[in-house]
Amino acid sequence: MSKILFTFLIKIFLFLVLFIQCSGGSDDNDLKGYLQEESIIPDYDNDPIYSKANARNLTSFWDIFVESASLYGKDLSNITDIEFVSEADLAGGTAARALGSCHDYVKIQVDETVFRNLTLGEQLFLMYHEFGHDVFNASHDGGGLMAPNVRSVEYTLFQREVEDFFTGVDYIEWTDEECDIIRELLKTETQ
(Lines give C-alpha, C1' and ligand atoms only; values in the text may rest on other atoms or scores of the structure.)
Protein backbone atom coordinates (compact mmCIF):
# COMPACT_ATOMS: atom_id res chain seq x y z
CA MET A 1 0.00 0.00 0.00
CA SER A 2 2.78 2.36 0.79
CA LYS A 3 4.30 1.67 -2.64
CA ILE A 4 0.99 2.59 -4.32
CA LEU A 5 0.70 5.73 -2.19
CA PHE A 6 4.30 6.67 -2.93
CA THR A 7 3.74 6.21 -6.72
CA PHE A 8 0.54 8.23 -6.52
CA LEU A 9 2.28 11.12 -4.70
CA ILE A 10 5.13 11.09 -7.26
CA LYS A 11 2.61 11.36 -10.11
CA ILE A 12 0.81 14.27 -8.41
CA PHE A 13 4.13 15.99 -7.77
CA LEU A 14 5.20 15.63 -11.42
CA PHE A 15 1.79 16.81 -12.62
CA LEU A 16 1.97 19.92 -10.41
CA VAL A 17 5.53 20.72 -11.52
CA LEU A 18 4.56 20.46 -15.19
CA PHE A 19 1.36 22.45 -14.67
CA ILE A 20 3.09 25.29 -12.81
CA GLN A 21 5.93 25.41 -15.33
CA CYS A 22 3.58 25.61 -18.31
CA SER A 23 1.33 28.28 -16.85
CA GLY A 24 4.02 30.69 -15.61
CA GLY A 25 6.78 32.66 -17.28
CA SER A 26 7.59 36.12 -18.54
CA ASP A 27 5.13 35.88 -21.42
CA ASP A 28 2.27 36.16 -18.94
CA ASN A 29 3.71 39.34 -17.47
CA ASP A 30 4.04 40.82 -20.97
CA LEU A 31 0.46 39.84 -21.70
CA LYS A 32 -0.81 41.32 -18.43
CA GLY A 33 1.03 44.58 -19.16
CA TYR A 34 -0.42 44.67 -22.64
CA LEU A 35 -3.95 44.09 -21.41
CA GLN A 36 -3.64 46.67 -18.64
CA GLU A 37 -1.94 49.33 -20.78
CA GLU A 38 -4.25 52.27 -21.34
CA SER A 39 -4.34 53.66 -24.85
CA ILE A 40 -4.66 57.43 -25.26
CA ILE A 41 -6.86 58.50 -28.13
CA PRO A 42 -5.63 61.82 -29.54
CA ASP A 43 -8.11 64.66 -29.26
CA TYR A 44 -8.20 68.41 -28.65
CA ASP A 45 -7.73 68.08 -24.89
CA ASN A 46 -4.54 66.02 -25.01
CA ASP A 47 -3.00 67.52 -28.15
CA PRO A 48 0.33 69.22 -27.32
CA ILE A 49 -0.71 72.39 -29.18
CA TYR A 50 -4.51 72.64 -28.96
CA SER A 51 -4.60 71.82 -25.24
CA LYS A 52 -2.98 75.23 -24.62
CA ALA A 53 -6.20 77.01 -25.68
CA ASN A 54 -7.86 79.15 -23.06
CA ALA A 55 -11.18 80.81 -23.91
CA ARG A 56 -10.52 83.47 -21.26
CA ASN A 57 -7.17 84.33 -22.86
CA LEU A 58 -7.87 84.90 -26.56
CA THR A 59 -4.21 85.48 -27.40
CA SER A 60 -3.64 81.81 -26.57
CA PHE A 61 -5.48 81.03 -29.83
CA TRP A 62 -3.09 83.27 -31.77
CA ASP A 63 -0.11 81.50 -30.17
CA ILE A 64 -1.59 78.13 -31.13
CA PHE A 65 -2.19 79.31 -34.72
CA VAL A 66 1.42 80.53 -35.01
CA GLU A 67 2.74 77.26 -33.58
CA SER A 68 0.59 75.23 -35.99
CA ALA A 69 1.75 77.35 -38.93
CA SER A 70 5.38 76.73 -38.03
CA LEU A 71 4.83 72.97 -38.35
CA TYR A 72 4.16 73.61 -42.05
CA GLY A 73 7.01 76.04 -42.64
CA LYS A 74 4.95 79.22 -42.21
CA ASP A 75 6.75 81.82 -40.10
CA LEU A 76 4.25 84.30 -38.67
CA SER A 77 6.64 85.87 -36.14
CA ASN A 78 6.74 89.08 -38.19
CA ILE A 79 3.04 89.72 -37.44
CA THR A 80 3.01 91.75 -34.27
CA ASP A 81 -0.10 93.91 -34.63
CA ILE A 82 -2.69 91.52 -33.17
CA GLU A 83 -5.79 92.73 -31.39
CA PHE A 84 -8.88 91.10 -29.95
CA VAL A 85 -11.89 93.37 -29.51
CA SER A 86 -14.57 92.23 -27.11
CA GLU A 87 -17.99 93.05 -28.50
CA ALA A 88 -21.25 91.84 -27.02
CA ASP A 89 -24.12 90.88 -29.27
CA LEU A 90 -22.52 90.45 -32.67
CA ALA A 91 -25.24 90.05 -35.29
CA GLY A 92 -27.06 86.74 -35.43
CA GLY A 93 -25.28 85.06 -32.52
CA THR A 94 -21.93 85.37 -34.28
CA ALA A 95 -19.07 84.43 -31.96
CA ALA A 96 -16.26 86.22 -33.83
CA ARG A 97 -15.32 87.94 -37.05
CA ALA A 98 -12.18 89.18 -38.75
CA LEU A 99 -11.67 92.93 -39.01
CA GLY A 100 -8.12 92.90 -40.39
CA SER A 101 -8.85 91.20 -43.70
CA CYS A 102 -6.87 92.72 -46.58
CA HIS A 103 -4.86 94.81 -44.10
CA ASP A 104 -1.45 94.31 -42.53
CA TYR A 105 -2.80 93.56 -39.06
CA VAL A 106 -4.89 90.97 -37.26
CA LYS A 107 -7.99 92.26 -35.53
CA ILE A 108 -10.62 89.82 -34.34
CA GLN A 109 -13.93 90.96 -32.89
CA VAL A 110 -15.27 88.45 -30.37
CA ASP A 111 -18.52 88.06 -28.48
CA GLU A 112 -16.88 86.34 -25.54
CA THR A 113 -20.13 85.00 -24.09
CA VAL A 114 -21.05 83.20 -27.30
CA PHE A 115 -17.42 82.14 -27.85
CA ARG A 116 -17.06 80.56 -24.40
CA ASN A 117 -20.20 78.50 -24.97
CA LEU A 118 -18.62 76.78 -27.98
CA THR A 119 -16.76 73.50 -27.67
CA LEU A 120 -12.97 73.62 -27.86
CA GLY A 121 -13.16 72.18 -31.39
CA GLU A 122 -15.58 74.92 -32.44
CA GLN A 123 -13.44 77.61 -30.82
CA LEU A 124 -10.31 76.40 -32.62
CA PHE A 125 -12.14 76.10 -35.93
CA LEU A 126 -13.57 79.60 -35.58
CA MET A 127 -10.27 81.25 -34.64
CA TYR A 128 -8.30 79.47 -37.38
CA HIS A 129 -11.01 80.59 -39.81
CA GLU A 130 -10.85 84.25 -38.71
CA PHE A 131 -7.03 84.23 -38.63
CA GLY A 132 -7.16 82.77 -42.15
CA HIS A 133 -9.01 85.89 -43.29
CA ASP A 134 -6.70 88.34 -41.54
CA VAL A 135 -3.33 86.64 -42.10
CA PHE A 136 -3.72 85.05 -45.52
CA ASN A 137 -6.65 87.05 -46.96
CA ALA A 138 -8.34 83.71 -47.47
CA SER A 139 -11.86 83.76 -48.87
CA HIS A 140 -14.66 81.32 -48.15
CA ASP A 141 -14.31 79.81 -51.62
CA GLY A 142 -11.64 77.27 -50.71
CA GLY A 143 -13.74 75.33 -48.22
CA GLY A 144 -12.14 73.38 -45.39
CA LEU A 145 -11.23 75.74 -42.55
CA MET A 146 -12.44 78.66 -44.64
CA ALA A 147 -15.94 77.27 -45.16
CA PRO A 148 -18.37 79.97 -44.02
CA ASN A 149 -20.17 77.81 -41.46
CA VAL A 150 -18.41 77.29 -38.14
CA ARG A 151 -18.83 73.75 -37.03
CA SER A 152 -17.44 71.27 -34.61
CA VAL A 153 -14.93 69.17 -36.46
CA GLU A 154 -13.77 65.78 -35.29
CA TYR A 155 -10.12 66.00 -34.18
CA THR A 156 -8.45 64.02 -36.99
CA LEU A 157 -10.50 65.81 -39.66
CA PHE A 158 -9.50 69.17 -38.13
CA GLN A 159 -5.84 68.07 -38.28
CA ARG A 160 -6.25 67.28 -41.98
CA GLU A 161 -7.97 70.61 -42.65
CA VAL A 162 -5.20 72.49 -40.82
CA GLU A 163 -2.59 70.72 -42.94
CA ASP A 164 -4.50 71.45 -46.14
CA PHE A 165 -4.86 75.08 -45.10
CA PHE A 166 -1.21 75.72 -44.24
CA THR A 167 0.05 73.86 -47.30
CA GLY A 168 -2.20 75.96 -49.55
CA VAL A 169 -4.38 73.08 -50.70
CA ASP A 170 -7.57 74.39 -49.21
CA TYR A 171 -7.84 78.15 -49.44
CA ILE A 172 -8.25 80.76 -52.13
CA GLU A 173 -6.96 84.26 -51.59
CA TRP A 174 -9.23 87.22 -52.15
CA THR A 175 -8.57 89.13 -55.33
CA ASP A 176 -7.43 92.76 -55.26
CA GLU A 177 -10.93 93.83 -56.28
CA GLU A 178 -12.49 91.81 -53.45
CA CYS A 179 -9.99 93.33 -51.00
CA ASP A 180 -10.96 96.83 -52.13
CA ILE A 181 -14.62 96.03 -51.38
CA ILE A 182 -13.74 94.47 -48.01
CA ARG A 183 -11.65 97.48 -46.99
CA GLU A 184 -14.56 99.81 -47.81
CA LEU A 185 -17.04 97.66 -45.89
CA LEU A 186 -14.77 97.45 -42.87
CA LYS A 187 -14.12 101.17 -42.99
CA THR A 188 -17.82 102.00 -42.81
CA GLU A 189 -18.53 99.33 -40.14
CA THR A 190 -15.77 100.37 -37.77
CA GLN A 191 -16.36 104.14 -37.93
# chains A, B, ... in the order shown; residues from 1 in each chain; ligands from 1
$ residues_around --residues "Leu58 in chain A" --least-positions-apart "2" --cutoff "10 Å" --atoms "only C-alpha atoms" --output "mmCIF file with N, CA and C atoms, in the first residue's frame"
data_model
loop_
_atom_site.group_PDB
_atom_site.id
_atom_site.type_symbol
_atom_site.label_atom_id
_atom_site.label_comp_id
_atom_site.auth_asym_id
_atom_site.auth_seq_id
_atom_site.Cartn_x
_atom_site.Cartn_y
_atom_site.Cartn_z
ATOM 1 N N ALA A 53 -5.134 76.014 -25.465
ATOM 2 C CA ALA A 53 -6.195 77.010 -25.682
ATOM 3 C C ALA A 53 -6.874 77.371 -24.371
ATOM 4 N N ASN A 54 -7.179 78.659 -24.245
ATOM 5 C CA ASN A 54 -7.859 79.154 -23.062
ATOM 6 C C ASN A 54 -8.859 80.210 -23.524
ATOM 7 N N ALA A 55 -10.131 79.903 -23.415
ATOM 8 C CA ALA A 55 -11.181 80.808 -23.906
ATOM 9 C C ALA A 55 -11.184 82.144 -23.168
ATOM 10 N N ARG A 56 -10.591 82.206 -22.010
ATOM 11 C CA ARG A 56 -10.516 83.467 -21.262
ATOM 12 C C ARG A 56 -9.249 84.257 -21.600
ATOM 13 N N SER A 60 -4.117 83.199 -26.537
ATOM 14 C CA SER A 60 -3.642 81.807 -26.574
ATOM 15 C C SER A 60 -3.998 81.159 -27.916
ATOM 16 N N PHE A 61 -5.102 81.581 -28.530
ATOM 17 C CA PHE A 61 -5.485 81.033 -29.835
ATOM 18 C C PHE A 61 -4.537 81.530 -30.932
ATOM 19 N N TRP A 62 -4.077 82.763 -30.813
ATOM 20 C CA TRP A 62 -3.088 83.271 -31.769
ATOM 21 C C TRP A 62 -1.780 82.476 -31.629
ATOM 22 N N ASP A 63 -1.343 82.255 -30.398
ATOM 23 C CA ASP A 63 -0.108 81.503 -30.167
ATOM 24 C C ASP A 63 -0.206 80.093 -30.754
ATOM 25 N N GLU A 83 -4.871 92.160 -32.370
ATOM 26 C CA GLU A 83 -5.795 92.734 -31.392
ATOM 27 C C GLU A 83 -7.084 91.924 -31.361
ATOM 28 N N PHE A 84 -7.582 91.723 -30.153
ATOM 29 C CA PHE A 84 -8.883 91.101 -29.951
ATOM 30 C C PHE A 84 -9.792 92.165 -29.351
ATOM 31 N N VAL A 85 -10.939 92.363 -29.965
ATOM 32 C CA VAL A 85 -11.892 93.365 -29.507
ATOM 33 C C VAL A 85 -13.117 92.638 -28.976
ATOM 34 N N SER A 86 -13.403 92.851 -27.703
ATOM 35 C CA SER A 86 -14.573 92.230 -27.105
ATOM 36 C C SER A 86 -15.806 93.047 -27.474
ATOM 37 N N ILE A 108 -9.489 90.731 -34.441
ATOM 38 C CA ILE A 108 -10.621 89.815 -34.344
ATOM 39 C C ILE A 108 -11.615 90.364 -33.324
ATOM 40 N N VAL A 110 -14.768 89.662 -31.011
ATOM 41 C CA VAL A 110 -15.268 88.449 -30.369
ATOM 42 C C VAL A 110 -16.385 88.781 -29.393
ATOM 43 N N GLU A 112 -17.481 87.331 -26.427
ATOM 44 C CA GLU A 112 -16.878 86.338 -25.543
ATOM 45 C C GLU A 112 -17.893 85.406 -24.891
ATOM 46 N N MET A 127 -11.441 80.370 -34.674
ATOM 47 C CA MET A 127 -10.265 81.246 -34.642
ATOM 48 C C MET A 127 -9.346 80.998 -35.837
#
$ residues_around --residues "Ala147 in chain A" --least-positions-apart "2" --cutoff "12 Å" --atoms "only C-alpha atoms" --output "list in words"
Phe125, Leu126, Tyr128, His129, Glu130, Gly132, His133, Ala138, Ser139, His140, Asp141, Gly142, Gly143, Gly144, Leu145, Asn149, Val150, Arg151, Val153, Glu161, Phe165, Asp170, Tyr171 and Ile172 of chain A
$ closest_residue --among "A:Tyr50, A:Phe166, A:Phe115, A:Tyr155" --to "Ala88 in chain A" --atoms "only C-alpha atoms"
A:Phe115
$ atom_distance --atom1 "CA of Thr113 in chain A" --atom2 "CA of Ala95 in chain A"
8.0 Å
$ closest_residue --among "A:Val106, A:Leu186, A:Gly93, A:Phe65" --to "Thr80 in chain A" --atoms "only C-alpha atoms"
A:Val106
$ atom_distance --atom1 "CA of Ile82 in chain A" --atom2 "CA of Asp164 in chain A"
24.0 Å
$ closest_residue --among "A:Asp81, A:Glu178, A:Glu67, A:Gly121" --to "Leu157 in chain A" --atoms "only C-alpha atoms"
A:Gly121
$ select_by_dssp --residues "range 21-110 of chain A" --states "strand (DSSP E or B)" --output "ChimeraX atom specification"
/A:82-86,96-98,106-110
$ residues_around --residues "Ile182 in chain A" --least-positions-apart "3" --cutoff "10 Å" --atoms "only C-alpha atoms" --output "MDAnalysis selection string"
chainID A and resid 99:103 174 176:179 185:187
